[in-house]
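Below you'll find the structure, written out as structure tokens, and then a few comments.
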Amino acid sequence: QAHLMQSGGGSAQAGGSLRLSCEYSGTSYGSNCMGWFRQAPGKERWGVAAIHTGDGNTFYADSVKGRFTISKDTAKNTVYLQMNSLKPEDTAMYYCGADDLSVCGRWSVAADPPFGYWGDGSQVTVSS
């Protein structure tokens, strides 16, 4: 079992920055895959970034490479998503996800990423 508590997000102007946080509680944080995916109204869920909580290996969707950074703080069981150079098309509900290591890979940053545990979601709105 895992519980994910999200914080952060909000509104920003295009070109601005926001940060999301996700605190994980449960077993085996050190050997999980955690990540972020987003869903805009009327669109499918799409993986944004993922990280192996053990070795720190990261994965990014092409649409956010060079702009978003996923990181972890092992001492706090927390994963972050730093979002820079925001664009209006980044507007969506963002969810933190967690699952075992098999989830980490190119499929974690594609359509309908297979995370079994989700946070409650954080709205990110970017205005032009």
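If you're wondering about the labels, chains in the structure tokens are A, B, ... by order shown, residues count from 1 in each chain, ligands from 1 in order shown.
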With the cut-off set at 10 Å and counting only C-alpha atoms, tabulate each residue of segment 64-91 of chain A with an atom at most that distance from an atom of segment 106-124 of chain A, showing the nearest atom pair and its distance in Å to one decimal, ordered by chain and increasing number, as a Markdown table.
| residue | atom | partner | partner_atom | distance |
| --- | --- | --- | --- | --- |
| A:Leu86 | CA | A:Val124 | CA | 9.9 |
| A:Pro88 | CA | A:Val124 | CA | 9.7 |
| A:Asp90 | CA | A:Val124 | CA | 7.5 |
| A:Thr91 | CA | A:Val124 | CA | 5.4 |
Each residue of segment 77-117 of chain A with at least one atom at most 10 Å from segment 52-57 of chain A should appear once, together with its nearest atom pair and the corresponding distance in Å (one decimal); atoms considered: only C-alpha atoms; ordering: chain, then increasing residue number; output as JSON lines.
{"residue": "A:Asn77", "atom": "CA", "partner": "A:Thr53", "partner_atom": "CA", "distance": 8.9}
{"residue": "A:Thr78", "atom": "CA", "partner": "A:Thr53", "partner_atom": "CA", "distance": 9.4}
{"residue": "A:Val79", "atom": "CA", "partner": "A:Thr53", "partner_atom": "CA", "distance": 8.5}
{"residue": "A:Ala98", "atom": "CA", "partner": "A:Thr53", "partner_atom": "CA", "distance": 10.0}
{"residue": "A:Asp100", "atom": "CA", "partner": "A:His52", "partner_atom": "CA", "distance": 9.2}
{"residue": "A:Leu101", "atom": "CA", "partner": "A:His52", "partner_atom": "CA", "distance": 6.9}
{"residue": "A:Ser102", "atom": "CA", "partner": "A:His52", "partner_atom": "CA", "distance": 9.8}
{"residue": "A:Val103", "atom": "CA", "partner": "A:His52", "partner_atom": "CA", "distance": 9.3}
{"residue": "A:Cys104", "atom": "CA", "partner": "A:His52", "partner_atom": "CA", "distance": 6.6}
{"residue": "A:Gly105", "atom": "CA", "partner": "A:His52", "partner_atom": "CA", "distance": 9.3}
Please write the residues from the selection above to a file, keeping all heavy atoms, as a PDB file, in the first residue's frame.
ATOM      1  N   ASN A  77      11.302  11.187   1.796  1.00  0.00           N
ATOM      2  CA  ASN A  77      10.391  10.348   0.990  1.00  0.00           C
ATOM      3  C   ASN A  77       9.552  11.213   0.054  1.00  0.00           C
ATOM      4  O   ASN A  77       8.335  11.017  -0.075  1.00  0.00           O
ATOM      5  CB  ASN A  77       9.476   9.520   1.892  1.00  0.00           C
ATOM      6  CG  ASN A  77      10.170   8.296   2.462  1.00  0.00           C
ATOM      7  OD1 ASN A  77      11.384   8.134   2.314  1.00  0.00           O
ATOM      8  ND2 ASN A  77       9.411   7.463   3.136  1.00  0.00           N
ATOM      9  N   THR A  78      10.187  12.159  -0.583  1.00  0.00           N
ATOM     10  CA  THR A  78       9.471  13.135  -1.381  1.00  0.00           C
ATOM     11  C   THR A  78      10.084  13.247  -2.765  1.00  0.00           C
ATOM     12  O   THR A  78      11.303  13.195  -2.934  1.00  0.00           O
ATOM     13  CB  THR A  78       9.485  14.516  -0.691  1.00  0.00           C
ATOM     14  OG1 THR A  78       8.832  14.406   0.574  1.00  0.00           O
ATOM     15  CG2 THR A  78       8.756  15.558  -1.518  1.00  0.00           C
ATOM     16  N   VAL A  79       9.216  13.403  -3.732  1.00  0.00           N
ATOM     17  CA  VAL A  79       9.617  13.628  -5.113  1.00  0.00           C
ATOM     18  C   VAL A  79       9.080  14.992  -5.541  1.00  0.00           C
ATOM     19  O   VAL A  79       7.961  15.368  -5.158  1.00  0.00           O
ATOM     20  CB  VAL A  79       9.074  12.515  -6.028  1.00  0.00           C
ATOM     21  CG1 VAL A  79       9.268  12.859  -7.486  1.00  0.00           C
ATOM     22  CG2 VAL A  79       9.772  11.205  -5.713  1.00  0.00           C
ATOM     23  N   ALA A  98       2.910   6.376  -8.183  1.00  0.00           N
ATOM     24  CA  ALA A  98       3.944   5.499  -7.636  1.00  0.00           C
ATOM     25  C   ALA A  98       3.595   4.051  -7.944  1.00  0.00           C
ATOM     26  O   ALA A  98       2.419   3.688  -8.064  1.00  0.00           O
ATOM     27  CB  ALA A  98       4.083   5.687  -6.125  1.00  0.00           C
ATOM     28  N   ASP A 100       5.878  -0.115  -8.516  1.00  0.00           N
ATOM     29  CA  ASP A 100       7.172  -0.799  -8.421  1.00  0.00           C
ATOM     30  C   ASP A 100       8.052  -0.425  -9.612  1.00  0.00           C
ATOM     31  O   ASP A 100       7.637   0.293 -10.524  1.00  0.00           O
ATOM     32  CB  ASP A 100       6.970  -2.305  -8.297  1.00  0.00           C
ATOM     33  CG  ASP A 100       6.288  -2.921  -9.498  1.00  0.00           C
ATOM     34  OD1 ASP A 100       6.546  -2.484 -10.633  1.00  0.00           O
ATOM     35  OD2 ASP A 100       5.496  -3.864  -9.309  1.00  0.00           O
ATOM     36  N   LEU A 101       9.262  -0.919  -9.563  1.00  0.00           N
ATOM     37  CA  LEU A 101      10.273  -0.490 -10.519  1.00  0.00           C
ATOM     38  C   LEU A 101       9.900  -0.790 -11.970  1.00  0.00           C
ATOM     39  O   LEU A 101      10.364  -0.112 -12.886  1.00  0.00           O
ATOM     40  CB  LEU A 101      11.604  -1.159 -10.200  1.00  0.00           C
ATOM     41  CG  LEU A 101      12.264  -0.708  -8.910  1.00  0.00           C
ATOM     42  CD1 LEU A 101      13.543  -1.512  -8.674  1.00  0.00           C
ATOM     43  CD2 LEU A 101      12.558   0.785  -8.946  1.00  0.00           C
ATOM     44  N   SER A 102       9.074  -1.800 -12.184  1.00  0.00           N
ATOM     45  CA  SER A 102       8.735  -2.168 -13.567  1.00  0.00           C
ATOM     46  C   SER A 102       8.025  -1.046 -14.305  1.00  0.00           C
ATOM     47  O   SER A 102       7.977  -1.033 -15.535  1.00  0.00           O
ATOM     48  CB  SER A 102       7.864  -3.430 -13.566  1.00  0.00           C
ATOM     49  OG  SER A 102       6.610  -3.168 -12.972  1.00  0.00           O
ATOM     50  N   VAL A 103       7.462  -0.087 -13.545  1.00  0.00           N
ATOM     51  CA  VAL A 103       6.741   1.007 -14.178  1.00  0.00           C
ATOM     52  C   VAL A 103       7.698   2.019 -14.798  1.00  0.00           C
ATOM     53  O   VAL A 103       7.337   2.723 -15.748  1.00  0.00           O
ATOM     54  CB  VAL A 103       5.796   1.675 -13.160  1.00  0.00           C
ATOM     55  CG1 VAL A 103       5.133   2.919 -13.729  1.00  0.00           C
ATOM     56  CG2 VAL A 103       4.732   0.683 -12.715  1.00  0.00           C
ATOM     57  N   CYS A 104       8.894   2.128 -14.292  1.00  0.00           N
ATOM     58  CA  CYS A 104       9.853   3.124 -14.804  1.00  0.00           C
ATOM     59  C   CYS A 104      10.364   2.705 -16.173  1.00  0.00           C
ATOM     60  O   CYS A 104      10.895   1.614 -16.335  1.00  0.00           O
ATOM     61  CB  CYS A 104      11.021   3.299 -13.834  1.00  0.00           C
ATOM     62  SG  CYS A 104      10.770   4.619 -12.624  1.00  0.00           S
ATOM     63  N   GLY A 105      10.209   3.600 -17.123  1.00  0.00           N
ATOM     64  CA  GLY A 105      10.644   3.329 -18.481  1.00  0.00           C
ATOM     65  C   GLY A 105       9.927   4.275 -19.412  1.00  0.00           C
ATOM     66  O   GLY A 105       9.218   5.175 -18.973  1.00  0.00           O
TER      67      GLY A 105
END
Open item on the list: Which of chain A end up as helix (DSSP H, G or I) when DSSP is run on this backbone - answer as a VMD selection string?
Closed with: chain A and resid 29 to 31 74 to 76 88 to 90 101 to 103 106 to 109
Can you pull out every residue within 7 Å of Cys96 of chain A, counting only C-alpha atoms, but drop anything in the same chain fewer than 4 positions away, and send it as a PDB file with N, CA, C and O atoms, in the first residue's frame?
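Saved to result.pdb:
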ATOM      1  N   GLN A   6       0.181  15.248  -2.252  1.00  0.00           N
ATOM      2  CA  GLN A   6       0.695  16.258  -3.167  1.00  0.00           C
ATOM      3  C   GLN A   6       0.547  17.656  -2.588  1.00  0.00           C
ATOM      4  O   GLN A   6      -0.358  17.943  -1.793  1.00  0.00           O
ATOM      5  N   CYS A  22       5.500  15.698  -3.843  1.00  0.00           N
ATOM      6  CA  CYS A  22       4.723  14.494  -3.576  1.00  0.00           C
ATOM      7  C   CYS A  22       5.435  13.698  -2.494  1.00  0.00           C
ATOM      8  O   CYS A  22       6.540  13.204  -2.713  1.00  0.00           O
ATOM      9  N   GLY A  35       6.479   9.176 -10.232  1.00  0.00           N
ATOM     10  CA  GLY A  35       6.440  10.071 -11.373  1.00  0.00           C
ATOM     11  C   GLY A  35       5.257  10.999 -11.340  1.00  0.00           C
ATOM     12  O   GLY A  35       4.497  11.038 -10.366  1.00  0.00           O
ATOM     13  N   TRP A  36       5.140  11.743 -12.396  1.00  0.00           N
ATOM     14  CA  TRP A  36       4.061  12.709 -12.551  1.00  0.00           C
ATOM     15  C   TRP A  36       3.392  12.496 -13.909  1.00  0.00           C
ATOM     16  O   TRP A  36       4.072  12.254 -14.924  1.00  0.00           O
ATOM     17  N   PHE A  37       2.101  12.577 -13.906  1.00  0.00           N
ATOM     18  CA  PHE A  37       1.377  12.584 -15.169  1.00  0.00           C
ATOM     19  C   PHE A  37       0.319  13.665 -15.106  1.00  0.00           C
ATOM     20  O   PHE A  37      -0.008  14.175 -14.031  1.00  0.00           O
ATOM     21  N   TRP A 118      -2.013   6.800  -6.945  1.00  0.00           N
ATOM     22  CA  TRP A 118      -2.090   8.186  -7.398  1.00  0.00           C
ATOM     23  C   TRP A 118      -2.269   9.123  -6.213  1.00  0.00           C
ATOM     24  O   TRP A 118      -2.913   8.765  -5.203  1.00  0.00           O
ATOM     25  N   GLY A 119      -1.790  10.361  -6.380  1.00  0.00           N
ATOM     26  CA  GLY A 119      -2.155  11.426  -5.454  1.00  0.00           C
ATOM     27  C   GLY A 119      -3.503  12.005  -5.860  1.00  0.00           C
ATOM     28  O   GLY A 119      -4.138  11.540  -6.807  1.00  0.00           O
TER      29      GLY A 119
END
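For Gln39 of chain A, the residues within 7 Å (counting only C-alpha atoms, excluding itself and residues fewer than 6 positions away along the chain) are Arg45, Trp46, Ala92, Met93 and Tyr94 of chain A.
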- [ ] Go through A:Gln1, A:Ser17, A:Asn32, A:Ser11 one by one, measure the shortest atom-to-atom distance of each to Leu81 of chain A using only C-alpha atoms, and give the residue with the smallest value.
- [x] A:Ser17
